[in-house]
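A.B. asks: Data: entry_25.txt, compact mmCIF, C-alpha atoms.
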```txt
# COMPACT_ATOMS: atom_id res chain seq x y z
CA MET A 727 81.88 79.64 105.25
CA ALA A 728 83.51 76.66 106.86
CA ARG A 729 85.11 76.96 110.27
CA ARG A 730 88.80 77.64 110.41
CA PRO A 731 91.16 75.26 112.21
CA CYS A 732 93.83 75.52 114.82
CA GLN A 733 96.45 74.47 112.28
CA GLY A 734 95.19 75.81 109.03
CA HIS A 735 91.86 77.45 109.05
CA ARG A 736 89.36 74.61 109.40
CA GLY A 737 90.29 71.91 111.83
CA PHE A 738 89.45 71.07 115.37
CA LEU A 739 89.96 74.03 117.65
CA VAL A 740 89.15 74.37 121.31
CA LEU A 741 88.97 77.96 122.56
CA LEU A 742 89.48 77.94 126.27
CA PRO A 743 87.31 80.48 128.09
CA LEU A 744 89.27 83.42 129.45
CA ALA A 745 88.70 84.90 132.85
CA ALA A 746 86.49 87.95 132.89
CA ALA A 747 89.31 89.97 134.38
CA ARG A 748 91.58 89.09 131.47
CA LEU A 749 88.93 90.08 128.95
CA ALA A 750 88.48 93.39 130.70
CA ALA A 751 92.21 93.98 130.79
CA ALA A 752 92.58 93.24 127.10
CA ALA A 753 89.64 95.42 126.15
CA ALA A 754 90.43 98.47 128.27
CA LEU A 755 93.89 98.61 129.75
CA PRO A 756 94.69 101.34 132.26
CA ARG A 757 96.66 104.32 131.10
CA VAL A 758 99.55 104.24 133.51
CA ALA A 759 98.78 102.08 136.51
CA GLU A 760 99.00 98.30 137.10
CA GLN A 761 102.22 98.99 138.97
CA GLN A 762 102.23 95.96 141.23
CA SER A 763 101.29 93.36 138.63
CA CYS A 764 103.64 94.77 135.99
CA GLY A 765 106.67 95.20 138.17
CA GLY A 766 106.41 98.98 138.49
CA PHE A 767 106.40 101.77 135.95
CA GLY A 768 108.52 104.87 135.62
CA ASN A 769 107.23 108.34 136.24
CA THR A 770 107.08 109.40 132.61
CA LEU A 771 104.53 108.46 129.99
CA LEU A 772 107.31 107.10 127.77
CA GLN A 773 108.57 104.77 130.48
CA ALA A 774 105.00 103.71 131.25
CA GLU A 775 104.38 102.76 127.65
CA GLN A 776 107.67 100.88 127.41
CA ASP A 777 106.80 98.91 130.51
CA ARG A 778 103.31 98.16 129.20
CA LEU A 779 104.76 96.64 126.06
CA LYS A 780 107.43 94.67 127.91
CA ALA A 781 104.81 93.35 130.32
CA GLY A 782 102.63 92.14 127.45
CA PHE A 783 99.99 94.87 127.67
CA VAL A 784 100.01 95.42 123.95
CA GLN A 785 97.12 97.86 123.73
CA PRO A 786 98.63 101.38 123.75
CA SER A 787 97.28 104.06 126.03
CA GLU A 788 95.28 106.88 124.49
CA ASP A 789 98.17 109.23 125.23
CA ALA A 790 100.61 107.38 123.00
CA PRO A 791 99.11 106.76 119.56
CA ASN A 792 102.45 106.57 117.76
CA LEU A 793 104.82 104.46 119.80
CA GLY A 794 106.94 103.07 116.98
CA SER A 795 109.38 105.94 116.60
CA VAL A 796 109.31 106.89 120.28
CA VAL A 797 109.70 103.69 122.26
CA GLN A 798 112.27 101.74 120.29
CA GLY A 799 113.64 104.22 117.80
CA LYS A 800 113.39 102.83 114.30
CA ASP A 801 114.67 99.34 115.05
CA CYS A 802 111.48 97.33 114.69
CA SER A 803 113.00 93.86 114.94
CA LEU A 804 111.90 93.33 118.55
CA TRP A 805 108.23 94.16 118.22
CA ILE A 806 107.97 92.32 114.91
CA ALA A 807 109.47 89.25 116.60
CA HIS A 808 106.87 89.70 119.35
CA LEU A 809 104.13 89.07 116.76
CA ALA A 810 104.95 85.36 117.09
CA ASP A 811 104.14 85.41 120.81
CA ARG A 812 101.31 83.03 121.74
CA GLY A 813 101.32 83.86 125.43
CA GLU A 814 98.60 85.13 127.71
CA GLY A 815 96.59 88.02 126.34
CA MET A 816 97.52 87.43 122.70
CA GLN A 817 94.30 85.52 122.04
CA VAL A 818 91.02 86.91 123.35
CA TYR A 819 88.45 86.40 120.58
CA SER A 820 90.57 85.49 117.55
CA GLN A 821 91.26 81.97 116.40
CA GLY A 822 94.97 82.27 116.98
CA ASN A 823 97.00 85.19 118.28
CA GLN A 824 95.62 87.66 115.74
CA ASP A 825 94.25 89.76 118.63
CA GLY A 826 97.73 90.30 120.00
CA ILE A 827 99.27 90.79 116.57
CA LEU A 828 96.89 93.63 115.82
CA GLN A 829 97.31 95.22 119.24
CA THR A 830 101.07 95.15 118.81
CA ILE A 831 101.06 96.53 115.27
CA PHE A 832 98.72 99.40 116.05
CA GLY A 833 100.58 100.05 119.27
CA HIS A 834 103.58 100.94 117.12
CA ILE A 835 102.11 102.57 114.02
CA GLY A 836 99.19 104.30 115.72
CA ILE A 837 95.50 104.45 114.87
CA THR A 838 93.87 106.96 112.53
CA ASN A 839 90.17 106.37 111.81
CA LYS A 840 89.48 103.30 114.03
CA ARG A 841 87.65 101.63 111.14
CA PHE A 842 87.85 98.01 110.02
CA VAL A 843 86.24 95.56 107.61
CA GLU A 844 86.28 91.78 107.97
CA PHE A 845 84.81 89.31 105.53
CA GLY A 846 84.98 85.61 104.95
CA PHE A 847 83.45 83.88 107.96
CA GLY A 848 80.17 82.12 108.77
CA TYR A 849 77.42 82.22 111.36
CA GLU A 850 76.19 78.67 110.73
CA GLY A 851 72.60 79.70 110.14
CA ARG A 852 72.14 81.14 113.61
CA ASN A 853 70.49 84.40 114.56
CA VAL A 854 73.26 86.87 115.20
CA THR A 855 73.72 87.73 118.87
CA GLU A 856 76.58 89.08 120.98
CA GLU A 857 77.51 85.50 121.87
CA VAL A 858 77.49 84.46 118.23
CA MET A 859 79.74 87.39 117.33
CA ASP A 860 82.11 86.48 120.14
CA HIS A 861 82.57 83.02 118.64
CA ALA A 862 81.74 83.48 114.94
CA ALA A 863 83.81 81.17 112.72
CA MET A 864 85.79 80.09 115.76
CA GLY A 865 87.23 83.57 116.16
CA LEU A 866 86.98 86.93 114.42
CA ASN A 867 90.16 88.92 113.94
CA THR A 868 88.33 92.16 114.73
CA ARG A 869 86.04 91.33 117.65
CA LEU A 870 88.45 92.76 120.21
CA LEU A 871 88.79 95.94 118.16
CA TRP A 872 84.99 96.27 118.15
CA LYS A 873 84.93 95.92 121.93
CA GLN A 874 87.60 98.62 122.15
CA GLY A 875 85.37 101.11 120.39
CA TRP A 876 86.36 100.67 116.76
CA ASN A 877 83.69 100.97 114.06
CA GLY A 878 83.54 98.14 111.57
CA LEU A 879 81.58 96.14 109.04
CA TYR A 880 81.34 92.41 108.41
CA PHE A 881 80.34 91.22 104.96
CA ASP A 882 78.52 87.91 104.62
CA ALA A 883 76.97 86.33 101.54
CA ALA A 884 73.90 85.02 103.35
CA ILE A 885 73.20 87.06 106.49
CA SER A 886 72.28 90.66 107.28
CA ALA A 887 72.45 91.89 110.88
CA PRO A 888 72.74 95.71 110.90
CA SER A 889 72.84 95.94 114.70
CA PHE A 890 76.12 94.02 114.61
CA GLY A 891 77.54 95.61 111.49
CA VAL A 892 76.89 92.54 109.32
CA VAL A 893 76.11 93.47 105.72
CA LYS A 894 74.71 90.92 103.28
CA ALA A 895 76.70 91.07 100.05
CA LEU A 896 78.12 88.61 97.56
CA LEU A 897 81.54 90.09 96.90
CA THR A 898 83.38 89.63 93.60
CA GLU A 899 86.52 91.13 92.13
CA ASP A 900 84.36 93.38 89.96
CA ASN A 901 81.94 94.65 92.62
CA ILE A 902 83.95 94.75 95.85
CA GLY A 903 85.16 98.31 95.38
CA GLN A 904 81.69 99.60 94.55
CA THR A 905 80.23 97.69 97.51
CA PHE A 906 82.76 99.21 99.90
CA GLU A 907 82.11 102.69 98.53
CA ALA A 908 78.35 102.26 98.96
CA GLN A 909 78.95 101.52 102.64
CA GLY A 910 81.08 104.62 103.10
CA ILE A 911 84.29 102.71 103.79
CA PRO A 912 87.30 105.05 103.54
CA LYS A 913 90.04 104.14 101.09
CA ASP A 914 92.68 104.44 103.84
CA ILE A 915 90.79 102.43 106.44
CA ASP A 916 92.93 101.27 109.34
CA TYR A 917 92.41 97.51 108.86
CA ILE A 918 90.91 94.93 106.48
CA SER A 919 90.76 91.19 107.20
CA LEU A 920 90.16 88.87 104.23
CA ASP A 921 89.54 85.12 104.44
CA VAL A 922 87.12 83.44 102.03
CA ASP A 923 88.76 80.04 101.37
CA SER A 924 88.73 80.46 97.61
CA VAL A 925 88.98 83.69 95.61
CA ASP A 926 91.03 85.61 98.20
CA TYR A 927 93.61 86.73 95.65
CA TRP A 928 90.99 88.07 93.26
CA LEU A 929 89.03 89.95 95.92
CA LEU A 930 92.21 91.60 97.12
CA ARG A 931 93.10 92.54 93.55
CA GLY A 932 89.63 94.05 93.19
CA LEU A 933 90.14 96.14 96.32
CA PHE A 934 93.48 97.44 95.10
CA ARG A 935 92.08 98.24 91.67
CA ALA A 936 89.30 100.23 93.35
CA GLY A 937 91.90 102.31 95.13
CA TYR A 938 91.62 100.83 98.62
CA ARG A 939 94.82 100.97 100.64
CA PRO A 940 94.21 99.93 104.27
CA ARG A 941 97.02 100.79 106.65
CA VAL A 942 97.06 97.18 107.87
CA LEU A 943 95.86 94.16 105.93
CA SER A 944 95.61 90.47 106.72
CA THR A 945 94.79 87.66 104.33
CA GLU A 946 94.43 83.94 104.62
CA PHE A 947 97.08 81.93 102.76
CA ASN A 948 97.48 78.31 101.71
CA PRO A 949 100.53 76.91 103.57
CA ASN A 950 100.68 73.71 101.53
CA PHE A 951 102.70 75.54 98.87
CA PRO A 952 106.36 76.61 99.04
CA GLY A 953 106.95 80.24 99.87
CA ASP A 954 108.24 81.03 96.39
CA ALA A 955 105.33 79.34 94.59
CA LEU A 956 102.89 81.71 92.86
CA ILE A 957 99.73 79.63 92.96
CA THR A 958 96.16 80.85 93.37
CA PHE A 959 92.63 79.52 93.33
CA GLN A 960 90.80 80.03 90.07
CA PRO A 961 89.04 83.40 89.56
CA GLU A 962 85.65 81.67 89.63
CA TRP A 963 84.25 81.03 93.10
CA HIS A 964 83.74 77.43 94.20
CA ALA A 965 82.70 76.19 97.61
CA TRP A 966 85.50 74.81 99.73
CA THR A 967 85.58 70.99 99.67
CA ASN A 968 87.17 70.57 103.14
CA ARG A 969 90.43 69.63 101.45
CA ARG A 970 93.81 71.33 100.85
CA VAL A 971 92.71 73.29 97.80
CA TYR A 972 91.77 76.85 98.78
CA GLY A 973 92.99 80.43 98.70
CA ALA A 974 96.43 81.30 97.38
CA SER A 975 100.02 80.61 98.27
CA ALA A 976 101.87 83.00 100.55
CA GLY A 977 104.06 83.94 97.60
CA ALA A 978 101.09 84.87 95.42
CA MET A 979 99.47 87.00 98.12
CA ASN A 980 102.78 88.67 98.90
CA LYS A 981 103.43 89.44 95.23
CA LEU A 982 100.06 91.16 94.88
CA ALA A 983 100.43 93.04 98.15
CA SER A 984 104.02 94.15 97.53
CA GLU A 985 103.14 95.40 94.04
CA ASN A 986 100.58 97.63 95.73
CA GLY A 987 102.86 99.00 98.40
CA TYR A 988 102.70 96.53 101.30
CA VAL A 989 105.29 94.80 103.47
CA PRO A 990 104.67 91.50 105.31
CA VAL A 991 105.37 91.63 109.05
CA ARG A 992 103.99 88.25 110.14
CA ILE A 993 103.27 84.95 108.36
CA MET A 994 101.50 82.93 111.03
CA GLN A 995 103.06 79.51 111.52
CA GLU A 996 99.69 78.39 112.87
CA LEU A 997 98.84 78.34 109.13
CA LEU A 998 96.24 81.09 109.38
CA ASP A 999 96.99 84.63 108.13
CA ILE A 1000 99.63 86.93 106.69
CA PHE A 1001 99.74 90.43 108.13
CA PHE A 1002 100.88 93.32 105.93
CA VAL A 1003 101.52 96.96 106.76
CA ARG A 1004 101.44 99.64 104.08
CA ARG A 1005 105.03 100.51 103.27
CA ASP A 1006 104.68 104.29 103.56
CA VAL A 1007 103.19 103.84 107.04
CA LEU A 1008 105.82 101.36 108.19
CA GLU A 1009 108.66 103.55 106.92
CA GLN A 1010 107.58 106.31 109.30
CA TYR A 1011 108.39 104.11 112.30
CA CYS A 1012 110.85 101.50 111.09
CA ASP A 1013 114.26 101.28 109.58
CA MET A 1014 113.23 98.90 106.82
CA ALA A 1015 116.53 97.02 107.20
CA THR A 1016 115.20 95.80 110.57
CA VAL A 1017 112.03 94.31 109.01
CA PRO A 1018 112.51 90.63 108.08
CA SER A 1019 112.17 89.90 104.38
CA PHE A 1020 109.37 87.80 102.96
CA PHE A 1021 112.01 85.20 102.07
CA ASP A 1022 113.12 84.94 105.69
CA GLN A 1023 109.59 84.91 107.05
CA SER A 1024 108.41 82.21 104.64
CA SER A 1025 111.45 79.91 104.86
CA TRP A 1026 109.47 77.31 106.86
CA LEU A 1027 106.99 76.74 104.03
CA PRO A 1028 105.56 74.46 102.73
CA GLN A 1029 103.70 72.96 105.66
CA LEU A 1030 100.94 70.46 104.97
CA SER A 1031 97.73 71.53 106.65
CA GLY A 1032 95.58 69.16 108.66
CA HIS A 1033 92.89 69.09 105.99
CA ALA A 1034 92.12 66.08 103.85
CA PRO A 1035 94.35 65.57 100.79
CA CYS A 1036 92.94 67.02 97.61
CA GLN A 1037 91.21 64.79 95.09
CA LYS A 1038 91.01 64.76 91.31
CA GLU A 1039 88.03 67.13 91.27
CA ASP A 1040 90.05 69.72 93.23
CA VAL A 1041 93.37 69.99 91.44
CA SER A 1042 92.19 71.89 88.35
CA ARG A 1043 91.04 74.79 90.57
CA MET A 1044 94.58 75.82 91.52
CA LEU A 1045 96.49 77.78 88.89
CA ASP A 1046 99.98 79.19 88.41
CA LEU A 1047 99.63 82.94 88.59
CA GLN A 1048 102.22 83.89 85.99
CA PHE A 1049 100.85 81.63 83.27
CA LEU A 1050 97.28 82.62 84.13
CA LEU A 1051 97.97 86.35 83.89
CA GLU A 1052 99.64 85.68 80.54
CA GLY A 1053 96.38 84.14 79.35
CA ASN A 1054 97.58 80.52 79.24
CA ARG A 1055 95.18 78.72 81.56
CA ASP A 1056 96.19 75.22 80.47
CA ALA A 1057 99.83 75.89 81.28
CA ALA A 1058 98.74 77.53 84.55
CA SER A 1059 96.85 74.40 85.55
CA ASN A 1060 99.67 72.04 84.59
CA LYS A 1061 102.25 74.07 86.50
CA ALA A 1062 100.08 74.16 89.63
CA LYS A 1063 99.56 70.40 89.42
CA GLU A 1064 103.33 69.89 89.27
CA VAL A 1065 103.76 71.89 92.45
CA MET A 1066 100.87 70.16 94.24
CA LYS A 1067 102.28 66.76 93.34
CA SER A 1068 105.78 67.70 94.47
CA VAL A 1069 104.66 68.73 97.97
CA GLY A 1070 102.36 65.73 98.48
CA MET A 1071 99.22 67.70 99.25
CA CYS A 1072 96.93 65.47 97.17
CA ASP A 1073 96.20 61.78 96.77
CA GLU A 1074 98.27 60.22 94.00
CA SER A 1075 95.04 59.31 92.21
CA ALA A 1076 94.27 63.01 91.87
CA PHE A 1077 96.74 63.29 88.99
CA SER A 1078 95.80 60.14 87.06
```
Show me this structure written as C-alpha cells.
C.D. replies:
Amino acid sequence: MARRPCQGHRGFLVLLPLAAARLAAAAALPRVAEQQSCGGFGNTLLQAEQDRLKAGFVQPSEDAPNLGSVVQGKDCSLWIAHLADRGEGMQVYSQGNQDGILQTIFGHIGITNKRFVEFGFGYEGRNVTEEVMDHAAMGLNTRLLWKQGWNGLYFDAAISAPSFGVVKALLTEDNIGQTFEAQGIPKDIDYISLDVDSVDYWLLRGLFRAGYRPRVLSTEFNPNFPGDALITFQPEWHAWTNRRVYGASAGAMNKLASENGYVPVRIMQELLDIFFVRRDVLEQYCDMATVPSFFDQSSWLPQLSGHAPCQKEDVSRMLDLQFLLEGNRDAASNKAKEVMKSVGMCDESAFS
C-alpha cells in the first residue's frame, strides 16, 4: 500500500524523531507522580487523573479505567475538542495525532480486552523488524498501543510476520468476517483501524455484516468530497493511482457507521481518519447533546488533498452510494462524476 501523506494520506511527511524520554513517558506514564513537571497533583486519585488529562498526559492510570463519567461528568465537549490537539505527546508513532486521539478516547471510555486490528498499510518489501514496525507506512495508528501492552494483529496482502502480529491475507467484503474469526478476533474488540485506499466502505460493511462491533473504529476518508456527499470507491478492488480517487467520502463512511450504531467523535482536518465510538459505549459516559454532530464536524469539507488531480481512467471508479445500492450503476457513476467535477478534484479532460 502506498504511503500516506501529511495532508491526505500519501504526500510528503517528515516525522521528527522524539526524545527517548518522551517516548517512555507516552508509553508508560506514572500513576500519580510527575508533580513538579505537571504543576502538582491533588492527594486523591480523582484529582491526579484530572491533572494528568489537563497536563496532556492522556494515557489513563491503571487505577482509573473509566474516567469519562468520573472526571467531567457527562459533558464530553471538552475532551472531544481535545481530539484536535496537535501538541507535544499527541504524535509518537502515528502519522498525525492518532496516538493522542486514541489515548484520549480510551482514557474516557475505558479499556476492556486490550485488543486491536489494523489493516491497510505497507512495508515496502522490507523484512519486518522493530524499526520497520515503528515507521511502517509513515505511521501506524496502533504502534503505541502495542508498546503499551495491547495485543493486536496487522493484516497485509503480501507479507506474513507472525513475531510482529502481521498476518498475510487478502481481505474482501465476503471473507473479512471469516478471516477475523479464524484469527480469534473478538466481535467486541476494543479498536479496529481501516485504511486501504480503495474498498474501505465495502470492507467495513463486510465487518458489520459478520457481526463485528469494535468499541472504537477509525477509517480513512476521502476529503475531496463535500460532507453530505455519499460517494464510494467501486466494490471491486483497484490499485491506487496516486491521484484523488480512493476510499469513500466522509458522508458515506458516516452513513454506514451510524446505521450500525456508531457516533463520529473526530474527523481529522489533516485529511487522514474519522474516529467513531460505538453509541452504546459513548452513552455510558456522555450526554449525547454534548457530542458534536457529524454535520458540525464535517462543515469544513470538501478540502482538496495534495494528491494529483484524477484523470479520465479514474473517474468511473467512484460511485454514488444511493444509486449503486439501488442497482443503478450507470446513474451512480454519473452522479459521482457530477460531484467530482463540481469540487474540481479532477482535470477537466477527465470528463470529456
A.B. asks: Residues at most 10 Å from Met994 in chain A, counting only C-alpha atoms, excluding those fewer than 3 positions away in the same chain, as a ChimeraX atom specification?
C.D. replies: /A:733-734,809-810,822-824,827,946-947,949,991,997-1001,1023-1024
A.B. asks: Kindly give the distance, in Å, that separates CA of Asn839 in chain A and CA of Tyr917 in chain A, rounded to a single decimal.
C.D. replies: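 These two atoms are separated by 9.6 Å.
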A.B. asks: Name the residues in contact with Ser1042 in chain A at a cut-off of 10 Å, using only C-alpha atoms, excluding same-chain residues fewer than 2 positions from it; report them as a list in words.
C.D. replies: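 With the cut-off at 10 Å, the set is Phe959, Gln960, Val971, Gln1037, Lys1038, Glu1039, Asp1040, Met1044, Leu1045, Asp1056, Ala1058, Ser1059, Asn1060, Ala1062, Lys1063, Ala1076 and Phe1077 of chain A.
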A.B. asks: Let me have the centre and edge lengths in Å, one decimal, of the box along x, y and z around every listed atom of range 906-916 of chain A with 4 Å of margin on each side, as AutoDock Vina command-line options.
C.D. replies:
```
--center_x 85.6 --center_y 102.1 --center_z 103.9 --size_x 22.6 --size_y 13.8 --size_z 18.8
```
A.B. asks: As a ChimeraX atom specification, please: the residues near Lys981 in chain A (cut-off 12 Å, all atoms listed in the file, same-chain neighbours under 3 positions excluded).
C.D. replies: /A:927,930-931,953-958,974-978,984-990,1002,1020-1021,1047-1048
A.B. asks: Check the smallest atom-to-atom distance from each of A:Thr830, A:Asn853, A:Ser889, A:Ser924 to Glu962 in chain A using all atoms listed in the file, then report the winner.
C.D. replies: A:Ser924
A.B. asks: Could you check the closest approach to Asp1006 in chain A for each of A:Ile911, A:Leu896, A:Val818, A:Ile835 and tell me which residue wins, using only C-alpha atoms?
C.D. replies: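 For Asp1006 in chain A, the nearest of the candidates is A:Ile835.
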A.B. asks: Distance CA of Thr945 in chain A-CA of Met979 in chain A, one decimal place?
C.D. replies: 7.8 Å
A.B. asks: With distances taken over all atoms listed in the file, which residue among A:Gln909, A:Thr868, A:Gln1010, A:Ser803 lies nearest Tyr819 in chain A?
C.D. replies: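 Between A:Gln909, A:Thr868, A:Gln1010, A:Ser803, the residue approaching Tyr819 in chain A most closely is A:Thr868.
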A.B. asks: Taking all atoms listed in the file into account, which of A:Ser1078, A:Ser944, A:Asn877, A:Gln995 comes nearest Ala983 in chain A?
C.D. replies: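 For Ala983 in chain A, the nearest of the candidates is A:Ser944.
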A.B. asks: Using only C-alpha atoms, which protein or nucleic acid residues come within 10 Å of Leu866 in chain A? Drop anything in the same chain fewer than 6 positions from it, and give the result as a list of chain:residue names.
C.D. replies: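 Residues near the query, excluding close chain neighbours: A:Val818, A:Tyr819, A:Ser820, A:Gln821, A:Gly822, A:Gln824, A:Asp825, A:Glu844, A:Phe845, A:Gly846, A:Phe847, A:Met859, A:Asp860, A:Tyr880, A:Ser919.
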A.B. asks: Print the selection's residues with C-alpha atoms to a file, as a PDB file, in the frame of the given file.
C.D. replies:
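Output below, filename selection.pdb:
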```pdb
ATOM      1  CA  VAL A 818      91.020  86.910 123.350  1.00  0.00           C
ATOM      2  CA  TYR A 819      88.450  86.400 120.580  1.00  0.00           C
ATOM      3  CA  SER A 820      90.570  85.490 117.550  1.00  0.00           C
ATOM      4  CA  GLN A 821      91.260  81.970 116.400  1.00  0.00           C
ATOM      5  CA  GLY A 822      94.970  82.270 116.980  1.00  0.00           C
ATOM      6  CA  GLN A 824      95.620  87.660 115.740  1.00  0.00           C
ATOM      7  CA  ASP A 825      94.250  89.760 118.630  1.00  0.00           C
ATOM      8  CA  GLU A 844      86.280  91.780 107.970  1.00  0.00           C
ATOM      9  CA  PHE A 845      84.810  89.310 105.530  1.00  0.00           C
ATOM     10  CA  GLY A 846      84.980  85.610 104.950  1.00  0.00           C
ATOM     11  CA  PHE A 847      83.450  83.880 107.960  1.00  0.00           C
ATOM     12  CA  MET A 859      79.740  87.390 117.330  1.00  0.00           C
ATOM     13  CA  ASP A 860      82.110  86.480 120.140  1.00  0.00           C
ATOM     14  CA  TYR A 880      81.340  92.410 108.410  1.00  0.00           C
ATOM     15  CA  SER A 919      90.760  91.190 107.200  1.00  0.00           C
TER      16      SER A 919
END
```
A.B. asks: Report, in Å to a single decimal, how far apart CA of Ile993 in chain A and CA of Glu814 in chain A are.
C.D. replies: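 CA of Ile993 in chain A lies at a distance of 19.9 Å from CA of Glu814 in chain A.
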A.B. asks: Excluding Asp923 in chain A and residues on its chain fewer than 6 positions from it, collect all residues at most 7 Å away from it, counting all atoms listed in the file, and give them as a PyMOL selection string.
C.D. replies: chain A and resi 966+972-973
A.B. asks: Determine the nearest neighbour of Leu871 in chain A from the options A:Leu1050, A:Val843, A:Leu920, A:Leu804, counting all atoms listed in the file.
C.D. replies: A:Val843
A.B. asks: Could you add N, CA and C atoms to range 799-810 of chain A and give me the result as a PDB file, in the coordinates of the input?
C.D. replies:
```pdb
ATOM      1  N   GLY A 799     112.984 103.632 118.941  1.00  0.00           N
ATOM      2  CA  GLY A 799     113.640 104.220 117.800  1.00  0.00           C
ATOM      3  C   GLY A 799     113.049 103.648 116.528  1.00  0.00           C
ATOM      4  N   LYS A 800     113.887 103.380 115.552  1.00  0.00           N
ATOM      5  CA  LYS A 800     113.390 102.830 114.300  1.00  0.00           C
ATOM      6  C   LYS A 800     113.832 101.394 114.087  1.00  0.00           C
ATOM      7  N   ASP A 801     114.370 100.767 115.116  1.00  0.00           N
ATOM      8  CA  ASP A 801     114.670  99.340 115.050  1.00  0.00           C
ATOM      9  C   ASP A 801     113.411  98.583 115.439  1.00  0.00           C
ATOM     10  N   CYS A 802     112.767  97.982 114.459  1.00  0.00           N
ATOM     11  CA  CYS A 802     111.480  97.330 114.690  1.00  0.00           C
ATOM     12  C   CYS A 802     111.599  95.813 114.847  1.00  0.00           C
ATOM     13  N   SER A 803     112.816  95.314 114.909  1.00  0.00           N
ATOM     14  CA  SER A 803     113.000  93.860 114.940  1.00  0.00           C
ATOM     15  C   SER A 803     112.366  93.234 116.182  1.00  0.00           C
ATOM     16  N   LEU A 804     112.420  93.921 117.324  1.00  0.00           N
ATOM     17  CA  LEU A 804     111.900  93.330 118.550  1.00  0.00           C
ATOM     18  C   LEU A 804     110.393  93.205 118.533  1.00  0.00           C
ATOM     19  N   TRP A 805     109.689  94.273 118.167  1.00  0.00           N
ATOM     20  CA  TRP A 805     108.230  94.160 118.220  1.00  0.00           C
ATOM     21  C   TRP A 805     107.701  93.291 117.087  1.00  0.00           C
ATOM     22  N   ILE A 806     108.395  93.237 115.966  1.00  0.00           N
ATOM     23  CA  ILE A 806     107.970  92.320 114.910  1.00  0.00           C
ATOM     24  C   ILE A 806     108.162  90.871 115.362  1.00  0.00           C
ATOM     25  N   ALA A 807     109.272  90.588 116.048  1.00  0.00           N
ATOM     26  CA  ALA A 807     109.470  89.250 116.600  1.00  0.00           C
ATOM     27  C   ALA A 807     108.389  88.911 117.606  1.00  0.00           C
ATOM     28  N   HIS A 808     107.915  89.923 118.337  1.00  0.00           N
ATOM     29  CA  HIS A 808     106.870  89.700 119.350  1.00  0.00           C
ATOM     30  C   HIS A 808     105.544  89.257 118.718  1.00  0.00           C
ATOM     31  N   LEU A 809     105.369  89.487 117.427  1.00  0.00           N
ATOM     32  CA  LEU A 809     104.130  89.070 116.760  1.00  0.00           C
ATOM     33  C   LEU A 809     103.956  87.557 116.768  1.00  0.00           C
ATOM     34  N   ALA A 810     105.038  86.827 117.009  1.00  0.00           N
ATOM     35  CA  ALA A 810     104.950  85.360 117.090  1.00  0.00           C
ATOM     36  C   ALA A 810     104.541  84.885 118.470  1.00  0.00           C
TER      37      ALA A 810
END
```
